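As stored in coords_31.pdb (PDB, C-alpha atoms, pLDDT in the B column):
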ATOM      1  CA  VAL H 687     -12.157  -1.122  -9.360  1.00 98.00           C
ATOM      2  CA  PHE H 688     -15.670  -1.666 -10.703  1.00 98.00           C
ATOM      3  CA  LEU H 689     -15.862  -5.367 -11.514  1.00 98.00           C
ATOM      4  CA  ASP H 690     -19.020  -5.736 -13.512  1.00 98.00           C
ATOM      5  CA  ASN H 691     -19.729  -2.642 -15.551  1.00 96.00           C
ATOM      6  CA  VAL H 692     -19.544  -5.125 -18.460  1.00 97.00           C
ATOM      7  CA  LEU H 693     -21.510  -8.293 -17.654  1.00 98.00           C
ATOM      8  CA  ASP H 694     -19.069 -10.766 -19.155  1.00 98.00           C
ATOM      9  CA  ARG H 695     -17.240 -13.364 -17.071  1.00 98.00           C
ATOM     10  CA  GLY H 696     -13.941 -12.810 -18.877  1.00 98.00           C
ATOM     11  CA  LYS H 697     -14.125  -9.034 -18.473  1.00 98.00           C
ATOM     12  CA  ILE H 698     -14.991  -9.383 -14.796  1.00 98.00           C
ATOM     13  CA  LEU H 699     -12.022 -11.704 -14.250  1.00 98.00           C
ATOM     14  CA  GLY H 700      -9.874  -9.098 -16.004  1.00 98.00           C
ATOM     15  CA  GLN H 701     -11.108  -6.457 -13.584  1.00 98.00           C
ATOM     16  CA  LEU H 702     -10.315  -8.769 -10.666  1.00 98.00           C
ATOM     17  CA  ARG H 703      -6.779  -9.173 -12.030  1.00 98.00           C
ATOM     18  CA  ARG H 704      -6.546  -5.387 -12.218  1.00 98.00           C
ATOM     19  CA  ALA H 705      -7.692  -5.039  -8.596  1.00 98.00           C
ATOM     20  CA  VAL H 706      -5.157  -7.639  -7.463  1.00 98.00           C
ATOM     21  CA  SER H 707      -2.395  -5.851  -9.352  1.00 98.00           C
ATOM     22  CA  ILE H 708      -3.289  -2.563  -7.665  1.00 98.00           C
ATOM     23  CA  ALA H 709      -3.432  -4.259  -4.255  1.00 97.00           C
ATOM     24  CA  ARG H 710      -0.016  -5.790  -4.710  1.00 97.00           C
ATOM     25  CA  LYS H 711       1.458  -2.391  -5.646  1.00 98.00           C
ATOM     26  CA  ARG H 712      -0.328  -0.211  -3.082  1.00 97.00           C
ATOM     27  CA  GLY H 713      -1.002  -2.695  -0.305  1.00 93.00           C
ATOM     28  CA  TYR H 714      -4.769  -2.575  -0.829  1.00 90.00           C
ATOM     29  CA  ALA H 715      -7.465  -2.125  -3.455  1.00 94.00           C
ATOM     30  CA  ILE H 716     -11.230  -1.843  -3.367  1.00 93.00           C
ATOM     31  CA  ALA H 717     -13.241  -3.954  -5.806  1.00 96.00           C
ATOM     32  CA  ILE H 718     -16.957  -3.296  -6.159  1.00 95.00           C
ATOM     33  CA  GLY H 719     -19.466  -5.619  -7.799  1.00 96.00           C
ATOM     34  CA  HIS H 720     -23.170  -6.345  -7.974  1.00 96.00           C
ATOM     35  CA  PRO H 721     -25.127  -9.569  -7.413  1.00 96.00           C
ATOM     36  CA  HIS H 722     -25.308 -10.384 -11.136  1.00 97.00           C
ATOM     37  CA  HIS H 723     -25.120 -13.930 -12.453  1.00 98.00           C
ATOM     38  CA  ALA H 724     -21.974 -13.093 -14.453  1.00 98.00           C
ATOM     39  CA  THR H 725     -20.287 -11.653 -11.359  1.00 98.00           C
ATOM     40  CA  PHE H 726     -21.000 -14.776  -9.321  1.00 97.00           C
ATOM     41  CA  GLU H 727     -19.770 -16.966 -12.184  1.00 97.00           C
ATOM     42  CA  ALA H 728     -16.526 -15.000 -12.371  1.00 98.00           C
ATOM     43  CA  LEU H 729     -16.018 -15.197  -8.610  1.00 97.00           C
ATOM     44  CA  ARG H 730     -16.542 -18.965  -8.718  1.00 97.00           C
ATOM     45  CA  HIS H 731     -13.609 -19.171 -11.141  1.00 97.00           C
ATOM     46  CA  ALA H 732     -11.379 -16.570  -9.470  1.00 97.00           C
ATOM     47  CA  GLY H 733      -9.614 -18.717  -6.877  1.00 97.00           C
ATOM     48  CA  ALA H 734      -6.183 -18.506  -8.487  1.00 97.00           C
ATOM     49  CA  ILE H 735      -6.486 -14.747  -8.936  1.00 97.00           C
ATOM     50  CA  LEU H 736      -7.713 -14.040  -5.418  1.00 96.00           C
ATOM     51  CA  SER H 737      -5.212 -16.387  -3.779  1.00 97.00           C
ATOM     52  CA  GLN H 738      -2.578 -13.695  -4.395  1.00 95.00           C
ATOM     53  CA  VAL H 739      -4.189 -11.313  -1.889  1.00 96.00           C
ATOM     54  CA  LYS H 740      -6.123 -11.322   1.353  1.00 93.00           C
ATOM     55  CA  THR H 741      -9.766 -10.468   0.758  1.00 93.00           C
ATOM     56  CA  VAL H 742     -11.756  -8.659   3.439  1.00 92.00           C
ATOM     57  CA  TYR H 743     -15.019  -6.783   3.766  1.00 88.00           C
ATOM     58  CA  PHE H 744     -14.584  -3.030   3.550  1.00 86.00           C
ATOM     59  CA  ASP H 745     -16.031  -2.410   7.022  1.00 89.00           C
ATOM     60  CA  ASP H 746     -13.455  -4.814   8.518  1.00 91.00           C
ATOM     61  CA  PHE H 747     -10.662  -3.009   6.643  1.00 85.00           C
ATOM     62  CA  TYR H 748     -11.953   0.362   7.873  1.00 88.00           C
ATOM     63  CA  ARG H 749     -12.214  -0.785  11.501  1.00 90.00           C
ATOM     64  CA  GLU H 750      -8.717  -2.279  11.418  1.00 88.00           C
ATOM     65  CA  HIS H 751      -7.119   0.882  10.035  1.00 86.00           C
ATOM     66  CA  TYR H 752      -9.266   3.609  11.561  1.00 91.00           C
ATOM     67  CA  GLY H 753     -10.534   1.993  14.757  1.00 86.00           C
ATOM     68  CA  ARG H 754     -14.210   2.790  14.306  1.00 70.00           C
TER
END
Show how you would write the structure in this file as structure tokens.
Amino acid sequence: VFLDNVLDRGKILGQLRRAVSIARKRGYAIAIGHPHHATFEALRHAGAILSQVKTVYFDDFYREHYGR
């Protein structure tokens, strides 16, 4: 899920909710964002959303599942 193709905190939080929903259904989701001010602002306010899933770096996920 691309988080910040629209640089608006509310839209980014909506994309995070979408990623969490996908993760809860499939067991994982990948969320991609950029170091924009709006993205950081959204992440600062995303605790309740992200508390529903375990967040990890992609390389850690890859190593855990594919052993490389």
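In this comparison, which uses all atoms listed in the file, the residue of H:Ile716, H:Val687, H:Leu702, H:Leu693 approaching H:Ala734 most closely is H:Leu702.
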Return the single residue from H:Tyr748, H:His720, H:Val739, H:Thr725 that is closest to H:Gly700, with distances computed using all atoms listed in the file. H:Thr725
Result set of the PyMOL selection byres ((chain H and resi 690) around 12) on the coordinates above, as a ChimeraX atom specification: /H:687-689,691-702,717-729
Centre, x/y/z edge lengths, axis-aligned box for stretch 741-749 of chain H with 8 Å per side, as lines of an AutoDock Vina configuration file:
center_x = -12.9
center_y = -5.1
center_z = 6.1
size_x = 22.3
size_y = 26.8
size_z = 26.7
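One finds atom CA of H:Ala715 at 10.0 Å from atom CA of H:Phe744.
Put simply, atom CA of H:Arg754 is 27.8 Å away from atom CA of H:Ser707.
Between atom CA of H:Arg710 and atom CA of H:Ala732 there is a distance of 16.4 Å.
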Can you give me N, CA, C and O atoms for stretch 730-750 of chain H, written as an mmCIF file, in the coordinates of the input?
data_model
loop_
_atom_site.group_PDB
_atom_site.id
_atom_site.type_symbol
_atom_site.label_atom_id
_atom_site.label_comp_id
_atom_site.auth_asym_id
_atom_site.auth_seq_id
_atom_site.Cartn_x
_atom_site.Cartn_y
_atom_site.Cartn_z
ATOM 1 N N ARG H 730 -16.711 -17.515 -8.882
ATOM 2 C CA ARG H 730 -16.542 -18.965 -8.718
ATOM 3 C C ARG H 730 -15.267 -19.471 -9.392
ATOM 4 O O ARG H 730 -14.721 -20.491 -8.988
ATOM 5 N N HIS H 731 -14.793 -18.754 -10.395
ATOM 6 C CA HIS H 731 -13.609 -19.171 -11.141
ATOM 7 C C HIS H 731 -12.378 -18.314 -10.820
ATOM 8 O O HIS H 731 -11.390 -18.360 -11.540
ATOM 9 N N ALA H 732 -12.432 -17.535 -9.764
ATOM 10 C CA ALA H 732 -11.379 -16.570 -9.470
ATOM 11 C C ALA H 732 -10.416 -17.011 -8.379
ATOM 12 O O ALA H 732 -9.604 -16.212 -7.920
ATOM 13 N N GLY H 733 -10.457 -18.263 -7.980
ATOM 14 C CA GLY H 733 -9.614 -18.717 -6.877
ATOM 15 C C GLY H 733 -8.143 -18.438 -7.069
ATOM 16 O O GLY H 733 -7.471 -17.934 -6.160
ATOM 17 N N ALA H 734 -7.612 -18.723 -8.238
ATOM 18 C CA ALA H 734 -6.183 -18.506 -8.487
ATOM 19 C C ALA H 734 -5.828 -17.021 -8.454
ATOM 20 O O ALA H 734 -4.758 -16.639 -7.971
ATOM 21 N N ILE H 735 -6.724 -16.197 -8.933
ATOM 22 C CA ILE H 735 -6.486 -14.747 -8.936
ATOM 23 C C ILE H 735 -6.505 -14.218 -7.505
ATOM 24 O O ILE H 735 -5.596 -13.512 -7.076
ATOM 25 N N LEU H 736 -7.538 -14.578 -6.764
ATOM 26 C CA LEU H 736 -7.713 -14.040 -5.418
ATOM 27 C C LEU H 736 -6.759 -14.646 -4.395
ATOM 28 O O LEU H 736 -6.561 -14.070 -3.327
ATOM 29 N N SER H 737 -6.146 -15.777 -4.719
ATOM 30 C CA SER H 737 -5.212 -16.387 -3.779
ATOM 31 C C SER H 737 -3.950 -15.537 -3.602
ATOM 32 O O SER H 737 -3.189 -15.752 -2.664
ATOM 33 N N GLN H 738 -3.760 -14.557 -4.460
ATOM 34 C CA GLN H 738 -2.578 -13.695 -4.395
ATOM 35 C C GLN H 738 -2.712 -12.575 -3.370
ATOM 36 O O GLN H 738 -1.746 -11.867 -3.088
ATOM 37 N N VAL H 739 -3.934 -12.397 -2.845
ATOM 38 C CA VAL H 739 -4.189 -11.313 -1.889
ATOM 39 C C VAL H 739 -5.088 -11.815 -0.772
ATOM 40 O O VAL H 739 -5.724 -12.859 -0.889
ATOM 41 N N LYS H 740 -5.163 -11.048 0.280
ATOM 42 C CA LYS H 740 -6.123 -11.322 1.353
ATOM 43 C C LYS H 740 -7.384 -10.526 1.040
ATOM 44 O O LYS H 740 -7.309 -9.314 0.825
ATOM 45 N N THR H 741 -8.516 -11.181 1.007
ATOM 46 C CA THR H 741 -9.766 -10.468 0.758
ATOM 47 C C THR H 741 -10.494 -10.229 2.072
ATOM 48 O O THR H 741 -10.526 -11.108 2.942
ATOM 49 N N VAL H 742 -11.026 -9.025 2.231
ATOM 50 C CA VAL H 742 -11.756 -8.659 3.439
ATOM 51 C C VAL H 742 -12.946 -7.788 3.058
ATOM 52 O O VAL H 742 -12.971 -7.177 2.000
ATOM 53 N N TYR H 743 -13.928 -7.724 3.939
ATOM 54 C CA TYR H 743 -15.019 -6.783 3.766
ATOM 55 C C TYR H 743 -14.506 -5.382 4.068
ATOM 56 O O TYR H 743 -13.634 -5.192 4.930
ATOM 57 N N PHE H 744 -15.052 -4.396 3.371
ATOM 58 C CA PHE H 744 -14.584 -3.030 3.550
ATOM 59 C C PHE H 744 -14.739 -2.559 5.001
ATOM 60 O O PHE H 744 -13.841 -1.913 5.532
ATOM 61 N N ASP H 745 -15.853 -2.883 5.646
ATOM 62 C CA ASP H 745 -16.031 -2.410 7.022
ATOM 63 C C ASP H 745 -14.978 -2.992 7.955
ATOM 64 O O ASP H 745 -14.517 -2.329 8.882
ATOM 65 N N ASP H 746 -14.537 -4.233 7.714
ATOM 66 C CA ASP H 746 -13.455 -4.814 8.518
ATOM 67 C C ASP H 746 -12.138 -4.080 8.261
ATOM 68 O O ASP H 746 -11.383 -3.797 9.192
ATOM 69 N N PHE H 747 -11.861 -3.770 7.004
ATOM 70 C CA PHE H 747 -10.662 -3.009 6.643
ATOM 71 C C PHE H 747 -10.677 -1.655 7.345
ATOM 72 O O PHE H 747 -9.696 -1.234 7.957
ATOM 73 N N TYR H 748 -11.824 -0.970 7.278
ATOM 74 C CA TYR H 748 -11.953 0.362 7.873
ATOM 75 C C TYR H 748 -11.725 0.310 9.373
ATOM 76 O O TYR H 748 -10.977 1.113 9.926
ATOM 77 N N ARG H 749 -12.377 -0.651 10.044
ATOM 78 C CA ARG H 749 -12.214 -0.785 11.501
ATOM 79 C C ARG H 749 -10.754 -1.061 11.869
ATOM 80 O O ARG H 749 -10.251 -0.510 12.844
ATOM 81 N N GLU H 750 -10.101 -1.916 11.118
ATOM 82 C CA GLU H 750 -8.717 -2.279 11.418
ATOM 83 C C GLU H 750 -7.790 -1.080 11.286
ATOM 84 O O GLU H 750 -6.863 -0.901 12.080
#
